[in-house]
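Peer 1: Below is the structure I would like to discuss, written out as structure tokens.
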Amino acid sequence: RTGPSILCVDSTGNVLSYLRELLLGSGYDVQTSSHLGDALLLLRIARFDLLVLGPGVPAGARERIREASAAHKAIELGSDFSTLDAGEAAAGLLQEIESRLAS
């Protein structure tokens, strides 16, 4: 892939699968992780243009990821993300990603 690279982190496989397919289909280079240790390792060895933290990431893990990725832009999905209409959630997230990457 040649698009911007995004790391998605969440404890829920369904959310990660949805994010991966949505973002791959939109031309992004996507990596996903459901484990804090794996996400931290990926942040040390790879460069990402953006992080997407899902609603299933506990507060303590969010803080550790943010500390490890201080130079990265991040989007934190709200706790209602998985209950939103899939089309609306997708459109809103893609718009937010474009906005963050442009700034």
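Simple scheme: letters A, B, ... for chains in structure tokens order, numbers from 1 for residues in each chain, numbers from 1 for ligands in the order shown.
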Got a sec to tell me which of chain A DSSP assigns to strand (DSSP E), as a ChimeraX atom specification?
Peer 2: /A:5-9,29-33,50-53,73-76
Peer 1: From the DSSP assignment of the backbone, select every residue of chain A that is helix (DSSP H, G or I), and format the answer as a ChimeraX atom specification.
Peer 2: /A:13-25,36-45,59-68,81-83,86-102
Peer 1: With only C-alpha atoms as the atoms that count, which of A:Pro4, A:Gly13, A:Gly25, A:Gly78 lies nearest to Leu53 of chain A?
Peer 2: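 Distance minimum relative to Leu53 of chain A lands on A:Gly78.
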Peer 1: Compile a residue-level contact table for segment 58-80 of chain A against segment 33-42 of chain A at a cut-off of 9 Å, reporting for every qualifying residue the shortest atom pair and its distance in Å to one decimal, with only C-alpha atoms counted, rows ordered by chain and ascending number, as JSON lines.
Peer 2:
{"residue": "A:Ala61", "atom": "CA", "partner": "A:Leu36", "partner_atom": "CA", "distance": 6.5}
{"residue": "A:Arg62", "atom": "CA", "partner": "A:Leu36", "partner_atom": "CA", "distance": 8.9}
{"residue": "A:Arg64", "atom": "CA", "partner": "A:Leu40", "partner_atom": "CA", "distance": 8.2}
{"residue": "A:Ile65", "atom": "CA", "partner": "A:Leu40", "partner_atom": "CA", "distance": 6.5}
{"residue": "A:Ala68", "atom": "CA", "partner": "A:Leu40", "partner_atom": "CA", "distance": 6.8}
{"residue": "A:Ser69", "atom": "CA", "partner": "A:Leu40", "partner_atom": "CA", "distance": 8.5}
Peer 1: Can you pull out every residue within 10 Å of segment 84-90 of chain A, counting only C-alpha atoms, but drop anything in the same chain fewer than 3 positions away, and send it as number ranges by chain?
Peer 2: A: 18-19, 22-23, 77, 79-81, 93-96
Peer 1: Could those selected residues go to a file with N, CA, C and O atoms, as a PDB file, in the first residue's frame?
Peer 2:
ATOM      1  N   TYR A  18     -13.358  -4.407  11.611  1.00  0.00           N
ATOM      2  CA  TYR A  18     -14.115  -3.361  10.929  1.00  0.00           C
ATOM      3  C   TYR A  18     -13.183  -2.226  10.506  1.00  0.00           C
ATOM      4  O   TYR A  18     -13.208  -1.786   9.355  1.00  0.00           O
ATOM      5  N   LEU A  19     -12.352  -1.764  11.439  1.00  0.00           N
ATOM      6  CA  LEU A  19     -11.429  -0.672  11.129  1.00  0.00           C
ATOM      7  C   LEU A  19     -10.449  -1.068  10.027  1.00  0.00           C
ATOM      8  O   LEU A  19     -10.205  -0.293   9.099  1.00  0.00           O
ATOM      9  N   LEU A  22     -12.302  -1.225   6.610  1.00  0.00           N
ATOM     10  CA  LEU A  22     -12.687   0.120   6.199  1.00  0.00           C
ATOM     11  C   LEU A  22     -11.482   0.908   5.704  1.00  0.00           C
ATOM     12  O   LEU A  22     -11.521   1.516   4.623  1.00  0.00           O
ATOM     13  N   LEU A  23     -10.400   0.885   6.459  1.00  0.00           N
ATOM     14  CA  LEU A  23      -9.228   1.701   6.125  1.00  0.00           C
ATOM     15  C   LEU A  23      -8.437   1.118   4.958  1.00  0.00           C
ATOM     16  O   LEU A  23      -7.946   1.874   4.111  1.00  0.00           O
ATOM     17  N   LEU A  77     -11.631   6.845  19.577  1.00  0.00           N
ATOM     18  CA  LEU A  77     -13.034   6.562  19.298  1.00  0.00           C
ATOM     19  C   LEU A  77     -13.821   6.517  20.598  1.00  0.00           C
ATOM     20  O   LEU A  77     -13.361   5.957  21.590  1.00  0.00           O
ATOM     21  N   SER A  79     -16.947   5.636  23.291  1.00  0.00           N
ATOM     22  CA  SER A  79     -17.512   4.367  23.742  1.00  0.00           C
ATOM     23  C   SER A  79     -18.740   3.970  22.941  1.00  0.00           C
ATOM     24  O   SER A  79     -19.125   2.804  22.926  1.00  0.00           O
ATOM     25  N   ASP A  80     -19.349   4.910  22.261  1.00  0.00           N
ATOM     26  CA  ASP A  80     -20.532   4.607  21.451  1.00  0.00           C
ATOM     27  C   ASP A  80     -20.194   4.186  20.017  1.00  0.00           C
ATOM     28  O   ASP A  80     -21.087   3.876  19.243  1.00  0.00           O
ATOM     29  N   PHE A  81     -18.914   4.133  19.669  1.00  0.00           N
ATOM     30  CA  PHE A  81     -18.522   3.862  18.289  1.00  0.00           C
ATOM     31  C   PHE A  81     -19.141   2.581  17.749  1.00  0.00           C
ATOM     32  O   PHE A  81     -19.679   2.559  16.648  1.00  0.00           O
ATOM     33  N   LEU A  93     -15.504   8.661  10.731  1.00  0.00           N
ATOM     34  CA  LEU A  93     -14.111   8.316  10.989  1.00  0.00           C
ATOM     35  C   LEU A  93     -13.217   8.702   9.818  1.00  0.00           C
ATOM     36  O   LEU A  93     -12.142   9.284  10.018  1.00  0.00           O
ATOM     37  N   LEU A  94     -13.636   8.399   8.605  1.00  0.00           N
ATOM     38  CA  LEU A  94     -12.820   8.753   7.436  1.00  0.00           C
ATOM     39  C   LEU A  94     -12.634  10.264   7.331  1.00  0.00           C
ATOM     40  O   LEU A  94     -11.543  10.739   6.997  1.00  0.00           O
ATOM     41  N   GLN A  95     -13.675  11.014   7.646  1.00  0.00           N
ATOM     42  CA  GLN A  95     -13.565  12.471   7.621  1.00  0.00           C
ATOM     43  C   GLN A  95     -12.574  12.954   8.687  1.00  0.00           C
ATOM     44  O   GLN A  95     -11.736  13.820   8.421  1.00  0.00           O
ATOM     45  N   GLU A  96     -12.664  12.377   9.869  1.00  0.00           N
ATOM     46  CA  GLU A  96     -11.738  12.740  10.948  1.00  0.00           C
ATOM     47  C   GLU A  96     -10.294  12.392  10.584  1.00  0.00           C
ATOM     48  O   GLU A  96      -9.362  13.160  10.845  1.00  0.00           O
TER      49      GLU A  96
END
Peer 1: Just to confirm, what's the straight-line distance from atom CA of Ser103 of chain A to atom CA of Thr12 of chain A in Å (one decimal)?
Peer 2: 29.0 Å
Peer 1: Fewer than 3 positions away in the same chain doesn't count, so skip those; otherwise give me all residues within 8 Å of Val52 of chain A, counting only C-alpha atoms, as a list of chain:residue names.
Peer 2: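 Counting only the stated atoms, we get A:Ile6, A:Leu7, A:Cys8, A:Val9, A:Ala74, A:Ile75, A:Glu76, A:Leu77.
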Peer 1: Take the selection from the previous step and output its residues with N, CA and C atoms, as a tab-separated table (two decimals), in the first residue's frame.
Peer 2:
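Result went into out-v3.tsv, see below:
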chain	number	residue	atom	x	y	z
A	6	ILE	N	-1.55	3.72	9.35
A	6	ILE	CA	-2.38	3.90	10.54
A	6	ILE	C	-2.25	2.66	11.42
A	7	LEU	N	-2.05	2.89	12.71
A	7	LEU	CA	-2.08	1.81	13.68
A	7	LEU	C	-3.38	1.91	14.45
A	8	CYS	N	-4.17	0.84	14.44
A	8	CYS	CA	-5.42	0.77	15.17
A	8	CYS	C	-5.24	-0.16	16.36
A	9	VAL	N	-5.65	0.30	17.54
A	9	VAL	CA	-5.52	-0.49	18.76
A	9	VAL	C	-6.88	-0.57	19.43
A	74	ALA	N	-3.37	11.26	16.89
A	74	ALA	CA	-4.22	10.17	17.35
A	74	ALA	C	-5.69	10.56	17.32
A	75	ILE	N	-6.50	9.56	17.08
A	75	ILE	CA	-7.96	9.69	17.15
A	75	ILE	C	-8.41	8.68	18.19
A	76	GLU	N	-9.19	9.14	19.15
A	76	GLU	CA	-9.75	8.24	20.15
A	76	GLU	C	-11.24	8.08	19.87
A	77	LEU	N	-11.63	6.84	19.58
A	77	LEU	CA	-13.03	6.56	19.30
A	77	LEU	C	-13.82	6.52	20.60
Peer 1: Give me the residues near Val57 of chain A as a ChimeraX atom specification, where near means some atom within 6 Å (using only C-alpha atoms) and where sequence neighbours in that chain fewer than 3 positions away do not count.
Peer 2: /A:10-11,54
Peer 1: If you measure from atom CA of Lys73 of chain A to atom CA of Arg100 of chain A, what distance in Å do you get, rounded to one decimal?
Peer 2: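 Atom-to-atom, atom CA of Lys73 of chain A to atom CA of Arg100 of chain A, that is 7.0 Å.
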Peer 1: Which is closest to Gln31 of chain A among A:Ser99, A:Ser5, A:Thr83, A:Asn14, if we use only C-alpha atoms?
Peer 2: A:Ser5
Peer 1: Just the residues within 9 Å of Gly3 of chain A, please, counting only C-alpha atoms, with nothing from its chain fewer than 2 positions along; format it as a PyMOL selection string.
Peer 2: chain A and resi 1+5+26-29
